[in-house]
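Please read the structure below before turning to the comments.
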Amino acid sequence: MAKFGLYPFLVLFMVLCAVVTAQNATGREVVPAMFIFGDSLIDNGNNNDLPSFAKANYFPYGIDFNGGPTGRFSNGFTMVDEIAKLLGLPLIPAYSEASGDQVLHGVNYASAAAGILDATGGNFVGRIPFNEQIRNFESTLNQITSNLGADYMATALARCIFFVGMGSNDYLNNYLMPNYPTRDQYNQQQYADLLAQAYNRQLTRLYNLGARKFVITGLGLMGCIPSICAQSLTGNCSEEVNLLVQPFNANVRTMLNNFNTNLPGSRFIFIDTARMFRNILLNARSYGFTVVNRGCCGIGRNGGQITCLPFQTPCPDRNQYVFWDAYHPTEAVNVLLGRTAFNGNPDFIYPINIKQLAEL
């Protein structure tokens, strides 16, 4: 997909990694780069050229983003955009578009509808599952390593942030879909265990490729997204769905603790997205939000029965909405989540926050 102008990039990459300590002192880049893996919550355009129904490269997506629609499933910034800014990095380019020195500060491999399981999201046709995202990272890594050498790359990668946000689609576009057999095959705990086993192998693979500083997001209050609320006549959150994903979050947290103990040199931190979202919903007005249960751009009950359509007119007061469309937060919430993950206390990000991880 991405074509790299290797030699200009390699020179720049070497310079960047060599002077990162000096840059820290001047308050600029805290880490050399951030590599991003995930789904539509942090996709920034990798699905644009795929034969996929999971796309956001049309107006009004990007209505508040400098440059308009990019493929981000938001009116503006995603969570990782805000984190990149706080790390002193530029916005991280999508793998599908990155070339030359554009990848100097990292690459975003995330893909809407992607899951931990390869079968997840098949109802959207084209998407890039986590296993394939890792292969795309390997492609990037191989091109660089062949010129710089494995020892040098190991040192450089150990200072980079690896941000991973997977699992939402394994529920929304797999377990909860009537055309998937998964719910008949596994109970709640069995499915969470199945996902954790696959996730363990995938994250270990990234570690074996040289990643050392990991930021892993848990699943949010998925029962409160407009799409799920719209399935209820009352339009309220589904506690059944919120409870459904709790074993997954518990498994991931346990897995990361084990990694920190057993993978030498690694630091894994966990973003408790569910707790962050619950805090936002319970204290909405103190954060400036007045609409917590419907999408700013969508059709039907809760603005969630049909998600944001091309050239649909969104709500004018977007900063007062928690949700942008049937599934995704507004830029205002994404920025809040990013700042909490970066500077927050162990109630929300455990055992340390991203700022502390970056400075190790």
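Every chain in the structure tokens takes a letter, A first, then B, and so on in the order presented; its residues are numbered from 1, and the ligands are numbered from 1 following the presented order.
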Compile the contact shell of range 147-156 of chain A as a tab-separated table (two decimals) with C-alpha atoms, in the first residue's frame: residues with an atom at most 8 Å away, counting only C-alpha atoms, same-chain residues fewer than 2 positions apart removed.
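See around_37.tsv below for the written result:
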chain	number	residue	atom	x	y	z
A	10	LEU	CA	16.25	6.85	6.83
A	17	CYS	CA	16.16	9.17	17.16
A	32	PRO	CA	10.45	9.51	18.35
A	143	GLN	CA	12.08	-1.67	4.78
A	144	ILE	CA	13.77	0.36	7.50
A	145	THR	CA	15.66	-2.46	9.21
A	158	ALA	CA	11.99	0.75	22.32
A	159	ARG	CA	11.44	4.50	22.71
A	160	CYS	CA	8.33	4.66	20.50
A	210	GLY	CA	10.68	-4.63	18.99
Taking 6 positions as the minimum chain separation for residues in the same chain, which residues sit within 12 Å of Tyr186 in chain A when counting only C-alpha atoms? Answer as a PyMOL selection string. chain A and resi 174-176+180+192-195
Create the file for the chosen residues now, containing N, CA and C atoms and written as a short mmCIF file (atom, residue, chain, number, x, y, z; two decimals), in the first residue's frame.
data_model
loop_
_atom_site.label_atom_id
_atom_site.label_comp_id
_atom_site.auth_asym_id
_atom_site.auth_seq_id
_atom_site.Cartn_x
_atom_site.Cartn_y
_atom_site.Cartn_z
N ASN A 174 -19.78 -8.66 15.28
CA ASN A 174 -19.54 -10.10 15.31
C ASN A 174 -20.51 -10.72 16.32
N TYR A 175 -20.19 -10.64 17.60
CA TYR A 175 -20.96 -11.34 18.62
C TYR A 175 -22.43 -10.91 18.67
N LEU A 176 -22.69 -9.62 18.46
CA LEU A 176 -24.06 -9.10 18.54
C LEU A 176 -24.79 -9.10 17.21
N TYR A 180 -23.97 -13.79 12.47
CA TYR A 180 -22.77 -14.48 12.95
C TYR A 180 -23.18 -15.58 13.92
N ALA A 192 -14.98 -13.78 25.71
CA ALA A 192 -13.94 -12.88 26.22
C ALA A 192 -12.60 -13.61 26.31
N ASP A 193 -12.63 -14.87 26.70
CA ASP A 193 -11.40 -15.67 26.78
C ASP A 193 -10.82 -15.92 25.39
N LEU A 194 -11.71 -16.21 24.42
CA LEU A 194 -11.26 -16.42 23.04
C LEU A 194 -10.55 -15.18 22.51
N LEU A 195 -11.16 -14.01 22.74
CA LEU A 195 -10.55 -12.77 22.28
C LEU A 195 -9.22 -12.51 22.97
#
_Based on the backbone DSSP call, show me all residues of range 141-305 of chain A assigned alpha helix (DSSP H), as an MDAnalysis selection string._
chainID A and resid 141:148 150:157 168:170 182:185 188:208 226:229 239:244 246:262 273:282
| said: Please list as number ranges by chain every residue within 9 Å of Ile354 in chain A, counting only C-alpha atoms and excluding residues in the same chain fewer than 4 positions away. | reply: A: 83, 87, 161, 215, 269, 341-344, 349, 358-359
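Closest approach to Gly220 in chain A among A:Leu41, A:Leu360, A:Ala198, A:Met177 is made by A:Leu41 (distances from only C-alpha atoms).
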Practice problem: Excluding range 301-303 of chain A and residues on its chain fewer than 6 positions from it, collect all residues at most 6 Å away from it, counting only C-alpha atoms, and give them as a VMD selection string. | Solution: chain A and resid 226 230 294 to 295
